[in-house]
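Source file protein19.csv; content: CSV, N, CA and C atoms.
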```
chain,number,residue,atom,x,y,z
A,1,MET,N,-11.2,-23.5,60.5
A,1,MET,CA,-11.4,-23.3,59.1
A,1,MET,C,-12.9,-22.9,59.0
A,2,LYS,N,-13.1,-21.9,58.2
A,2,LYS,CA,-14.5,-21.4,57.9
A,2,LYS,C,-15.2,-22.5,57.0
A,3,PRO,N,-16.5,-22.7,57.3
A,3,PRO,CA,-17.2,-23.8,56.6
A,3,PRO,C,-17.3,-23.5,55.1
A,4,GLU,N,-17.2,-22.3,54.7
A,4,GLU,CA,-17.3,-21.9,53.3
A,4,GLU,C,-16.2,-22.5,52.4
A,5,VAL,N,-15.1,-23.0,53.1
A,5,VAL,CA,-14.0,-23.6,52.3
A,5,VAL,C,-14.5,-24.8,51.5
A,6,ALA,N,-15.6,-25.4,51.8
A,6,ALA,CA,-16.2,-26.5,51.1
A,6,ALA,C,-16.5,-26.2,49.6
A,7,SER,N,-16.7,-24.9,49.3
A,7,SER,CA,-17.0,-24.5,48.0
A,7,SER,C,-15.9,-23.6,47.4
A,8,ALA,N,-14.8,-23.7,48.0
A,8,ALA,CA,-13.7,-22.8,47.5
A,8,ALA,C,-13.1,-23.2,46.2
A,9,ARG,N,-12.7,-22.2,45.4
A,9,ARG,CA,-12.1,-22.4,44.1
A,9,ARG,C,-11.0,-21.3,43.9
A,10,TYR,N,-10.1,-21.7,43.0
A,10,TYR,CA,-9.1,-20.7,42.6
A,10,TYR,C,-8.6,-21.1,41.2
A,11,GLU,N,-8.3,-20.1,40.4
A,11,GLU,CA,-7.9,-20.3,39.1
A,11,GLU,C,-6.9,-19.2,38.7
A,12,PHE,N,-5.8,-19.6,38.0
A,12,PHE,CA,-4.9,-18.5,37.5
A,12,PHE,C,-4.3,-19.0,36.2
A,13,GLU,N,-3.8,-18.1,35.4
A,13,GLU,CA,-3.1,-18.4,34.2
A,13,GLU,C,-1.7,-18.0,34.3
A,14,THR,N,-0.8,-18.7,33.5
A,14,THR,CA,0.6,-18.3,33.5
A,14,THR,C,1.1,-18.7,32.1
A,15,PRO,N,2.0,-17.9,31.6
A,15,PRO,CA,2.7,-18.3,30.3
A,15,PRO,C,3.7,-19.5,30.6
A,16,VAL,N,3.8,-20.4,29.6
A,16,VAL,CA,4.9,-21.4,29.7
A,16,VAL,C,6.2,-20.7,29.2
A,17,THR,N,7.1,-20.7,30.2
A,17,THR,CA,8.4,-20.0,29.9
A,17,THR,C,9.5,-21.1,29.7
A,18,PRO,N,10.6,-20.7,29.2
A,18,PRO,CA,11.7,-21.6,29.0
A,18,PRO,C,12.2,-22.4,30.2
A,19,GLU,N,12.1,-21.8,31.4
A,19,GLU,CA,12.5,-22.5,32.6
A,19,GLU,C,11.5,-23.5,33.1
A,20,MET,N,10.3,-23.6,32.5
A,20,MET,CA,9.3,-24.5,32.8
A,20,MET,C,9.4,-25.8,32.0
A,21,VAL,N,10.3,-25.9,31.1
A,21,VAL,CA,10.4,-27.1,30.3
A,21,VAL,C,11.0,-28.3,31.0
A,22,ALA,N,10.7,-29.5,30.5
A,22,ALA,CA,11.1,-30.8,31.1
A,22,ALA,C,12.6,-30.9,31.0
A,23,THR,N,13.3,-30.9,32.2
A,23,THR,CA,14.7,-31.1,32.3
A,23,THR,C,15.0,-32.1,33.4
A,24,LEU,N,16.1,-32.8,33.4
A,24,LEU,CA,16.5,-33.7,34.4
A,24,LEU,C,18.0,-33.5,34.6
A,25,ASN,N,18.4,-33.1,35.9
A,25,ASN,CA,19.8,-32.9,36.2
A,25,ASN,C,20.4,-31.9,35.2
A,26,GLY,N,19.6,-30.8,34.9
A,26,GLY,CA,20.1,-29.8,34.0
A,26,GLY,C,20.1,-30.1,32.5
A,27,GLN,N,19.7,-31.3,32.2
A,27,GLN,CA,19.6,-31.7,30.8
A,27,GLN,C,18.2,-31.6,30.2
A,28,LEU,N,18.1,-30.9,29.1
A,28,LEU,CA,16.8,-30.8,28.4
A,28,LEU,C,16.3,-32.1,28.0
A,29,LEU,N,15.0,-32.5,28.4
A,29,LEU,CA,14.4,-33.7,27.9
A,29,LEU,C,13.5,-33.4,26.8
A,30,HIS,N,12.5,-32.4,27.0
A,30,HIS,CA,11.5,-32.1,26.1
A,30,HIS,C,11.3,-30.6,26.2
A,31,PRO,N,11.2,-29.8,25.2
A,31,PRO,CA,11.0,-28.4,25.3
A,31,PRO,C,9.5,-28.0,25.4
A,32,VAL,N,8.8,-28.6,26.4
A,32,VAL,CA,7.4,-28.3,26.7
A,32,VAL,C,7.2,-28.2,28.2
A,33,TYR,N,6.0,-27.7,28.6
A,33,TYR,CA,5.6,-27.6,30.0
A,33,TYR,C,5.8,-28.9,30.7
A,34,SER,N,6.6,-28.9,31.8
A,34,SER,CA,7.0,-30.1,32.5
A,34,SER,C,5.9,-30.5,33.5
A,35,THR,N,5.9,-31.8,33.8
A,35,THR,CA,5.1,-32.3,34.9
A,35,THR,C,5.5,-31.7,36.2
A,36,PHE,N,6.7,-31.5,36.5
A,36,PHE,CA,7.2,-30.8,37.7
A,36,PHE,C,6.4,-29.5,37.9
A,37,TRP,N,6.4,-28.6,36.8
A,37,TRP,CA,5.8,-27.3,36.9
A,37,TRP,C,4.3,-27.5,37.1
A,38,MET,N,3.7,-28.5,36.4
A,38,MET,CA,2.3,-28.7,36.6
A,38,MET,C,1.9,-29.0,38.0
A,39,ALA,N,2.8,-29.9,38.7
A,39,ALA,CA,2.6,-30.2,40.1
A,39,ALA,C,2.7,-29.0,41.0
A,40,TYR,N,3.7,-28.2,40.7
A,40,TYR,CA,3.9,-27.0,41.5
A,40,TYR,C,2.7,-26.1,41.3
A,41,HIS,N,2.3,-25.9,40.1
A,41,HIS,CA,1.1,-25.0,39.9
A,41,HIS,C,-0.2,-25.6,40.6
A,42,ALA,N,-0.3,-26.9,40.6
A,42,ALA,CA,-1.4,-27.5,41.3
A,42,ALA,C,-1.4,-27.1,42.8
A,43,GLU,N,-0.2,-27.2,43.4
A,43,GLU,CA,0.0,-26.8,44.8
A,43,GLU,C,-0.4,-25.4,45.0
A,44,VAL,N,0.1,-24.5,44.1
A,44,VAL,CA,-0.2,-23.1,44.3
A,44,VAL,C,-1.7,-22.8,44.2
A,45,ALA,N,-2.4,-23.4,43.2
A,45,ALA,CA,-3.8,-23.1,43.0
A,45,ALA,C,-4.6,-23.7,44.2
A,46,ALA,N,-4.3,-24.9,44.7
A,46,ALA,CA,-5.0,-25.4,45.8
A,46,ALA,C,-4.8,-24.6,47.1
A,47,ARG,N,-3.6,-24.2,47.3
A,47,ARG,CA,-3.3,-23.4,48.5
A,47,ARG,C,-4.0,-22.1,48.5
A,48,LEU,N,-4.0,-21.4,47.3
A,48,LEU,CA,-4.7,-20.1,47.2
A,48,LEU,C,-6.2,-20.2,47.3
A,49,ALA,N,-6.7,-21.4,46.9
A,49,ALA,CA,-8.2,-21.7,47.1
A,49,ALA,C,-8.6,-21.7,48.5
A,50,ILE,N,-7.8,-22.2,49.4
A,50,ILE,CA,-8.2,-22.4,50.8
A,50,ILE,C,-7.8,-21.3,51.7
A,51,GLU,N,-6.7,-20.6,51.4
A,51,GLU,CA,-6.2,-19.5,52.3
A,51,GLU,C,-7.2,-18.6,52.8
A,52,PRO,N,-8.1,-18.1,52.0
A,52,PRO,CA,-9.1,-17.1,52.6
A,52,PRO,C,-10.0,-17.6,53.7
A,53,TYR,N,-10.0,-18.9,53.9
A,53,TYR,CA,-10.9,-19.5,54.8
A,53,TYR,C,-10.2,-19.9,56.1
A,54,PHE,N,-9.0,-19.6,56.3
A,54,PHE,CA,-8.3,-19.9,57.5
A,54,PHE,C,-8.8,-19.0,58.6
A,55,GLU,N,-9.0,-19.6,59.8
A,55,GLU,CA,-9.3,-18.8,61.0
A,55,GLU,C,-7.9,-18.3,61.6
A,56,GLU,N,-8.0,-17.4,62.5
A,56,GLU,CA,-6.8,-16.9,63.2
A,56,GLU,C,-6.0,-18.1,63.8
A,57,GLY,N,-4.7,-18.1,63.4
A,57,GLY,CA,-3.8,-19.1,63.9
A,57,GLY,C,-3.8,-20.4,63.2
A,58,GLU,N,-4.6,-20.5,62.1
A,58,GLU,CA,-4.6,-21.7,61.3
A,58,GLU,C,-3.7,-21.6,60.1
A,59,ASN,N,-3.3,-22.8,59.6
A,59,ASN,CA,-2.5,-22.8,58.4
A,59,ASN,C,-2.8,-24.2,57.8
A,60,ALA,N,-2.0,-24.6,56.8
A,60,ALA,CA,-2.2,-25.9,56.2
A,60,ALA,C,-0.8,-26.4,55.7
A,61,VAL,N,-0.7,-27.7,55.6
A,61,VAL,CA,0.5,-28.3,54.9
A,61,VAL,C,0.0,-29.2,53.8
A,62,GLY,N,0.8,-29.3,52.8
A,62,GLY,CA,0.5,-30.2,51.7
A,62,GLY,C,0.8,-31.6,52.1
A,63,GLY,N,-0.1,-32.5,51.7
A,63,GLY,CA,0.0,-33.9,52.1
A,63,GLY,C,0.1,-34.8,50.9
A,64,VAL,N,-0.6,-34.4,49.8
A,64,VAL,CA,-0.6,-35.2,48.6
A,64,VAL,C,-0.7,-34.3,47.4
A,65,VAL,N,0.1,-34.6,46.3
A,65,VAL,CA,-0.2,-33.9,45.1
A,65,VAL,C,-0.1,-35.0,44.0
A,66,GLU,N,-1.1,-35.1,43.2
A,66,GLU,CA,-1.1,-36.1,42.1
A,66,GLU,C,-1.5,-35.3,40.8
A,67,VAL,N,-0.7,-35.5,39.8
A,67,VAL,CA,-1.1,-34.9,38.5
A,67,VAL,C,-1.0,-35.9,37.4
A,68,ARG,N,-1.9,-35.9,36.4
A,68,ARG,CA,-1.8,-36.7,35.2
A,68,ARG,C,-1.5,-35.7,34.1
A,69,HIS,N,-0.4,-35.9,33.5
A,69,HIS,CA,0.0,-35.0,32.3
A,69,HIS,C,-0.6,-35.7,31.1
A,70,GLU,N,-1.6,-35.1,30.5
A,70,GLU,CA,-2.4,-35.7,29.4
A,70,GLU,C,-2.0,-35.2,28.0
A,71,ALA,N,-1.4,-34.0,27.9
A,71,ALA,CA,-1.1,-33.5,26.6
A,71,ALA,C,0.0,-32.4,26.9
A,72,MET,N,0.6,-32.0,25.8
A,72,MET,CA,1.7,-31.0,25.9
A,72,MET,C,1.3,-29.6,25.7
A,73,ALA,N,2.1,-28.7,26.3
A,73,ALA,CA,1.9,-27.2,26.0
A,73,ALA,C,3.3,-26.7,25.7
A,74,ALA,N,3.4,-26.0,24.7
A,74,ALA,CA,4.7,-25.5,24.2
A,74,ALA,C,5.1,-24.2,24.9
A,75,VAL,N,6.4,-23.9,24.9
A,75,VAL,CA,6.8,-22.6,25.4
A,75,VAL,C,6.1,-21.5,24.6
A,76,GLY,N,5.6,-20.5,25.3
A,76,GLY,CA,4.9,-19.4,24.7
A,76,GLY,C,3.4,-19.6,24.8
A,77,ASP,N,2.9,-20.8,25.1
A,77,ASP,CA,1.5,-21.1,25.3
A,77,ASP,C,1.1,-20.5,26.7
A,78,THR,N,-0.1,-20.5,27.0
A,78,THR,CA,-0.6,-20.1,28.3
A,78,THR,C,-1.4,-21.2,28.9
A,79,VAL,N,-1.1,-21.5,30.1
A,79,VAL,CA,-1.8,-22.6,30.8
A,79,VAL,C,-2.7,-22.0,31.9
A,80,ARG,N,-3.9,-22.6,32.1
A,80,ARG,CA,-4.8,-22.1,33.1
A,80,ARG,C,-4.9,-23.3,34.1
A,81,ILE,N,-4.6,-23.0,35.4
A,81,ILE,CA,-4.7,-24.0,36.4
A,81,ILE,C,-5.8,-23.7,37.4
A,82,SER,N,-6.7,-24.7,37.6
A,82,SER,CA,-7.8,-24.4,38.5
A,82,SER,C,-7.9,-25.5,39.6
A,83,ALA,N,-8.3,-25.0,40.7
A,83,ALA,CA,-8.4,-25.9,41.9
A,83,ALA,C,-9.8,-25.7,42.5
A,84,LYS,N,-10.5,-26.8,42.8
A,84,LYS,CA,-11.8,-26.8,43.4
A,84,LYS,C,-11.8,-27.7,44.5
A,85,VAL,N,-12.2,-27.2,45.7
A,85,VAL,CA,-12.4,-28.1,46.9
A,85,VAL,C,-13.5,-29.1,46.6
A,86,VAL,N,-13.2,-30.4,46.8
A,86,VAL,CA,-14.3,-31.4,46.5
A,86,VAL,C,-14.6,-32.2,47.8
A,87,GLU,N,-13.7,-32.0,48.8
A,87,GLU,CA,-14.0,-32.8,50.0
A,87,GLU,C,-13.3,-32.1,51.2
A,88,VAL,N,-14.0,-32.0,52.3
A,88,VAL,CA,-13.5,-31.5,53.6
A,88,VAL,C,-13.9,-32.6,54.6
A,89,LYS,N,-12.9,-33.2,55.2
A,89,LYS,CA,-13.1,-34.3,56.2
A,89,LYS,C,-12.2,-34.0,57.3
A,90,GLY,N,-12.7,-33.5,58.4
A,90,GLY,CA,-11.9,-33.2,59.6
A,90,GLY,C,-10.9,-32.1,59.2
A,91,ARG,N,-9.6,-32.4,59.3
A,91,ARG,CA,-8.6,-31.4,58.9
A,91,ARG,C,-8.1,-31.6,57.5
A,92,LYS,N,-8.6,-32.6,56.8
A,92,LYS,CA,-8.2,-32.9,55.4
A,92,LYS,C,-9.1,-32.1,54.4
A,93,ILE,N,-8.4,-31.4,53.5
A,93,ILE,CA,-9.1,-30.7,52.4
A,93,ILE,C,-8.5,-31.2,51.1
A,94,VAL,N,-9.4,-31.7,50.2
A,94,VAL,CA,-9.0,-32.2,49.0
A,94,VAL,C,-9.5,-31.3,47.8
A,95,CYS,N,-8.6,-31.0,47.0
A,95,CYS,CA,-8.9,-30.2,45.8
A,95,CYS,C,-8.8,-31.0,44.5
A,96,GLU,N,-9.7,-30.8,43.6
A,96,GLU,CA,-9.6,-31.4,42.3
A,96,GLU,C,-8.8,-30.3,41.4
A,97,ILE,N,-7.9,-30.8,40.6
A,97,ILE,CA,-7.1,-29.9,39.8
A,97,ILE,C,-7.4,-30.1,38.3
A,98,GLU,N,-7.5,-29.1,37.5
A,98,GLU,CA,-7.5,-29.2,36.1
A,98,GLU,C,-6.5,-28.2,35.5
A,99,VAL,N,-5.9,-28.6,34.4
A,99,VAL,CA,-4.9,-27.7,33.7
A,99,VAL,C,-5.3,-27.7,32.2
A,100,HIS,N,-5.4,-26.5,31.7
A,100,HIS,CA,-5.8,-26.3,30.3
A,100,HIS,C,-4.8,-25.4,29.6
A,101,SER,N,-4.5,-25.7,28.4
A,101,SER,CA,-3.7,-24.8,27.6
A,101,SER,C,-4.8,-23.9,26.9
A,102,ARG,N,-4.4,-23.1,26.0
A,102,ARG,CA,-5.4,-22.3,25.2
A,102,ARG,C,-6.3,-23.1,24.4
A,103,SER,N,-5.9,-24.3,24.0
A,103,SER,CA,-6.7,-25.1,23.1
A,103,SER,C,-7.3,-26.4,23.6
A,104,ARG,N,-6.8,-26.9,24.8
A,104,ARG,CA,-7.3,-28.1,25.3
A,104,ARG,C,-6.9,-28.4,26.7
A,105,LYS,N,-7.5,-29.4,27.3
A,105,LYS,CA,-7.1,-29.9,28.6
A,105,LYS,C,-5.8,-30.6,28.5
A,106,ILE,N,-4.9,-30.3,29.4
A,106,ILE,CA,-3.6,-30.9,29.3
A,106,ILE,C,-3.2,-31.7,30.6
A,107,GLY,N,-4.0,-31.5,31.7
A,107,GLY,CA,-3.7,-32.3,32.9
A,107,GLY,C,-4.9,-32.2,33.9
A,108,SER,N,-4.8,-33.1,34.9
A,108,SER,CA,-5.8,-33.2,35.9
A,108,SER,C,-5.1,-33.9,37.1
A,109,GLY,N,-5.8,-33.8,38.2
A,109,GLY,CA,-5.3,-34.5,39.4
A,109,GLY,C,-6.0,-34.0,40.7
A,110,ARG,N,-5.3,-34.2,41.8
A,110,ARG,CA,-5.8,-33.7,43.1
A,110,ARG,C,-4.7,-33.3,44.0
A,111,GLN,N,-5.0,-32.5,44.9
A,111,GLN,CA,-4.1,-32.0,45.9
A,111,GLN,C,-4.8,-32.1,47.3
A,112,VAL,N,-4.1,-32.6,48.3
A,112,VAL,CA,-4.6,-32.7,49.6
A,112,VAL,C,-3.8,-31.9,50.6
A,113,GLN,N,-4.5,-31.1,51.4
A,113,GLN,CA,-3.9,-30.3,52.4
A,113,GLN,C,-4.4,-30.6,53.8
A,114,ILE,N,-3.6,-30.5,54.8
A,114,ILE,CA,-4.1,-30.8,56.1
A,114,ILE,C,-4.0,-29.5,56.9
A,115,MET,N,-5.2,-29.2,57.5
A,115,MET,CA,-5.2,-27.9,58.3
A,115,MET,C,-4.5,-28.2,59.6
A,116,ILE,N,-3.7,-27.2,60.0
A,116,ILE,CA,-2.9,-27.4,61.2
A,116,ILE,C,-2.7,-26.0,61.8
A,117,GLN,N,-2.6,-26.0,63.1
A,117,GLN,CA,-2.4,-24.7,63.8
A,117,GLN,C,-0.9,-24.2,63.6
A,118,ASP,N,-0.8,-22.9,63.5
A,118,ASP,CA,0.5,-22.3,63.3
A,118,ASP,C,1.5,-22.8,64.4
A,119,THR,N,1.0,-22.9,65.6
A,119,THR,CA,1.9,-23.3,66.7
A,119,THR,C,2.4,-24.7,66.5
A,120,ASP,N,1.6,-25.6,66.0
A,120,ASP,CA,2.0,-27.0,65.7
A,120,ASP,C,3.0,-27.0,64.6
A,121,ILE,N,2.8,-26.2,63.5
A,121,ILE,CA,3.8,-26.1,62.5
A,121,ILE,C,5.1,-25.7,63.0
A,122,LYS,N,5.1,-24.7,63.8
A,122,LYS,CA,6.4,-24.1,64.4
A,122,LYS,C,7.1,-25.2,65.2
A,123,ARG,N,6.3,-26.0,66.0
A,123,ARG,CA,6.9,-27.1,66.8
A,123,ARG,C,7.5,-28.2,65.9
A,124,LEU,N,6.8,-28.5,64.8
A,124,LEU,CA,7.2,-29.6,63.9
A,124,LEU,C,8.5,-29.1,63.1
A,125,VAL,N,8.5,-27.9,62.8
A,125,VAL,CA,9.7,-27.4,62.1
A,125,VAL,C,10.9,-27.4,63.0
A,126,GLU,N,10.7,-27.0,64.3
A,126,GLU,CA,11.8,-27.0,65.2
A,126,GLU,C,12.3,-28.4,65.5
A,127,GLU,N,11.3,-29.4,65.5
A,127,GLU,CA,11.7,-30.8,65.7
A,127,GLU,C,12.5,-31.3,64.5
A,128,ALA,N,12.1,-30.9,63.3
A,128,ALA,CA,12.8,-31.4,62.1
A,128,ALA,C,14.2,-30.8,62.1
A,129,GLN,N,14.3,-29.5,62.5
A,129,GLN,CA,15.6,-28.8,62.5
A,129,GLN,C,16.5,-29.4,63.6
A,130,ALA,N,16.0,-29.8,64.7
A,130,ALA,CA,16.7,-30.5,65.8
A,130,ALA,C,17.3,-31.8,65.3
A,131,MET,N,16.6,-32.5,64.4
A,131,MET,CA,17.1,-33.8,63.9
A,131,MET,C,18.4,-33.5,63.0
A,132,VAL,N,18.4,-32.4,62.3
A,132,VAL,CA,19.6,-32.0,61.5
A,132,VAL,C,20.8,-31.7,62.4
A,133,ASN,N,20.5,-31.0,63.5
A,133,ASN,CA,21.5,-30.5,64.3
A,133,ASN,C,22.1,-31.6,65.3
A,134,THR,N,21.6,-32.8,65.3
A,134,THR,CA,22.1,-33.8,66.2
A,134,THR,C,23.1,-34.7,65.6
```
For the file at hand, write its structure as structure tokens.
Amino acid sequence: MKPEVASARYEFETPVTPEMVATLNGQLLHPVYSTFWMAYHAEVAARLAIEPYFEEGENAVGGVVEVRHEAMAAVGDTVRISAKVVEVKGRKIVCEIEVHSRSRKIGSGRQVQIMIQDTDIKRLVEEAQAMVNT
């Protein structure tokens, strides 16, 4: 991992679409941006923050995602998700997450990724698949 990862950031915006609303088992709970989608977008932002700093043969896997859903965003609003690396300790990379709508902060949290070699990921995937096939 390139040392510059310690100051990595990534930010993107996305509209809140009808498929992003809070549902459970196909049933509408609330017609607003769901915590599920906030967590997904946190993962995306954190991953895209660190990818440019991988060395040849390196990759990462998600280890932790925490989000606090602090306010609502309606369908049609735009949310901005930002990830900032706040800690690099060995293979562990921690990103702070913030989520804003057009008018206010609606969420925050953290996401942790573990740097791992592509060959190790391949081996772990094969081991997991072998467990299914036995």
*Could you check which of A:Arg102, A:Asn59, A:Ala42, A:Glu70 is closest to Ile121 in chain A, using all atoms listed in the file?*
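Distance minimum relative to Ile121 in chain A lands on A:Asn59.
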*Which parts of range 26-122 of chain A does DSSP call alpha helix (DSSP H) when run on the backbone here, written out as a VMD selection string?*
chain A and resid 35 to 50 118 to 122
Could you turn the residues from that selection into a file that holds N, CA and C atoms, as a PDB file, in the coordinates of the input?
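Output below, filename result_9.pdb:
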```pdb
ATOM      1  N   THR A  35       5.900 -31.800  33.800  1.00  0.00           N
ATOM      2  CA  THR A  35       5.100 -32.300  34.900  1.00  0.00           C
ATOM      3  C   THR A  35       5.500 -31.700  36.200  1.00  0.00           C
ATOM      4  N   PHE A  36       6.700 -31.500  36.500  1.00  0.00           N
ATOM      5  CA  PHE A  36       7.200 -30.800  37.700  1.00  0.00           C
ATOM      6  C   PHE A  36       6.400 -29.500  37.900  1.00  0.00           C
ATOM      7  N   TRP A  37       6.400 -28.600  36.800  1.00  0.00           N
ATOM      8  CA  TRP A  37       5.800 -27.300  36.900  1.00  0.00           C
ATOM      9  C   TRP A  37       4.300 -27.500  37.100  1.00  0.00           C
ATOM     10  N   MET A  38       3.700 -28.500  36.400  1.00  0.00           N
ATOM     11  CA  MET A  38       2.300 -28.700  36.600  1.00  0.00           C
ATOM     12  C   MET A  38       1.900 -29.000  38.000  1.00  0.00           C
ATOM     13  N   ALA A  39       2.800 -29.900  38.700  1.00  0.00           N
ATOM     14  CA  ALA A  39       2.600 -30.200  40.100  1.00  0.00           C
ATOM     15  C   ALA A  39       2.700 -29.000  41.000  1.00  0.00           C
ATOM     16  N   TYR A  40       3.700 -28.200  40.700  1.00  0.00           N
ATOM     17  CA  TYR A  40       3.900 -27.000  41.500  1.00  0.00           C
ATOM     18  C   TYR A  40       2.700 -26.100  41.300  1.00  0.00           C
ATOM     19  N   HIS A  41       2.300 -25.900  40.100  1.00  0.00           N
ATOM     20  CA  HIS A  41       1.100 -25.000  39.900  1.00  0.00           C
ATOM     21  C   HIS A  41      -0.200 -25.600  40.600  1.00  0.00           C
ATOM     22  N   ALA A  42      -0.300 -26.900  40.600  1.00  0.00           N
ATOM     23  CA  ALA A  42      -1.400 -27.500  41.300  1.00  0.00           C
ATOM     24  C   ALA A  42      -1.400 -27.100  42.800  1.00  0.00           C
ATOM     25  N   GLU A  43      -0.200 -27.200  43.400  1.00  0.00           N
ATOM     26  CA  GLU A  43       0.000 -26.800  44.800  1.00  0.00           C
ATOM     27  C   GLU A  43      -0.400 -25.400  45.000  1.00  0.00           C
ATOM     28  N   VAL A  44       0.100 -24.500  44.100  1.00  0.00           N
ATOM     29  CA  VAL A  44      -0.200 -23.100  44.300  1.00  0.00           C
ATOM     30  C   VAL A  44      -1.700 -22.800  44.200  1.00  0.00           C
ATOM     31  N   ALA A  45      -2.400 -23.400  43.200  1.00  0.00           N
ATOM     32  CA  ALA A  45      -3.800 -23.100  43.000  1.00  0.00           C
ATOM     33  C   ALA A  45      -4.600 -23.700  44.200  1.00  0.00           C
ATOM     34  N   ALA A  46      -4.300 -24.900  44.700  1.00  0.00           N
ATOM     35  CA  ALA A  46      -5.000 -25.400  45.800  1.00  0.00           C
ATOM     36  C   ALA A  46      -4.800 -24.600  47.100  1.00  0.00           C
ATOM     37  N   ARG A  47      -3.600 -24.200  47.300  1.00  0.00           N
ATOM     38  CA  ARG A  47      -3.300 -23.400  48.500  1.00  0.00           C
ATOM     39  C   ARG A  47      -4.000 -22.100  48.500  1.00  0.00           C
ATOM     40  N   LEU A  48      -4.000 -21.400  47.300  1.00  0.00           N
ATOM     41  CA  LEU A  48      -4.700 -20.100  47.200  1.00  0.00           C
ATOM     42  C   LEU A  48      -6.200 -20.200  47.300  1.00  0.00           C
ATOM     43  N   ALA A  49      -6.700 -21.400  46.900  1.00  0.00           N
ATOM     44  CA  ALA A  49      -8.200 -21.700  47.100  1.00  0.00           C
ATOM     45  C   ALA A  49      -8.600 -21.700  48.500  1.00  0.00           C
ATOM     46  N   ILE A  50      -7.800 -22.200  49.400  1.00  0.00           N
ATOM     47  CA  ILE A  50      -8.200 -22.400  50.800  1.00  0.00           C
ATOM     48  C   ILE A  50      -7.800 -21.300  51.700  1.00  0.00           C
ATOM     49  N   ASP A 118      -0.800 -22.900  63.500  1.00  0.00           N
ATOM     50  CA  ASP A 118       0.500 -22.300  63.300  1.00  0.00           C
ATOM     51  C   ASP A 118       1.500 -22.800  64.400  1.00  0.00           C
ATOM     52  N   THR A 119       1.000 -22.900  65.600  1.00  0.00           N
ATOM     53  CA  THR A 119       1.900 -23.300  66.700  1.00  0.00           C
ATOM     54  C   THR A 119       2.400 -24.700  66.500  1.00  0.00           C
ATOM     55  N   ASP A 120       1.600 -25.600  66.000  1.00  0.00           N
ATOM     56  CA  ASP A 120       2.000 -27.000  65.700  1.00  0.00           C
ATOM     57  C   ASP A 120       3.000 -27.000  64.600  1.00  0.00           C
ATOM     58  N   ILE A 121       2.800 -26.200  63.500  1.00  0.00           N
ATOM     59  CA  ILE A 121       3.800 -26.100  62.500  1.00  0.00           C
ATOM     60  C   ILE A 121       5.100 -25.700  63.000  1.00  0.00           C
ATOM     61  N   LYS A 122       5.100 -24.700  63.800  1.00  0.00           N
ATOM     62  CA  LYS A 122       6.400 -24.100  64.400  1.00  0.00           C
ATOM     63  C   LYS A 122       7.100 -25.200  65.200  1.00  0.00           C
TER      64      LYS A 122
END
```
*From the list A:Thr35, A:Val86, A:Val67, A:Met115, which residue is nearest Thr23 in chain A when using only N, CA and C atoms?*
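Once distances to Thr23 in chain A are computed over only N, CA and C atoms, the minimum belongs to A:Thr35.
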*Compare A:Tyr40, A:Glu87, A:Ala45, A:Gly109 by their minimum atom-to-atom distance to Arg68 in chain A, counting only C-alpha atoms, and give me the closest one.*
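So, comparing all the options, the nearest one is A:Gly109.
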*Near-Ala8 in chain A list (6 Å; all atoms listed in the file; drop same-chain fewer than 6 positions) as a PyMOL selection string*: chain A and resi 49+83-85
*Skip Pro18 in chain A itself and residues of its chain fewer than 6 positions away, then list as a ChimeraX atom specification all residues within 8 Å of it, counting only N, CA and C atoms.*
/A:31-32,74-76
*Interatomic distance, CA of Ile97 in chain A to CA of Leu29 in chain A (Å, one decimal)*: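 Result for CA of Ile97 in chain A versus CA of Leu29 in chain A: 24.9 Å, one decimal.
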*Computed interatomic separation between atom C of Ile114 in chain A and atom C of Tyr10 in chain A (Å)*: 18.4 Å
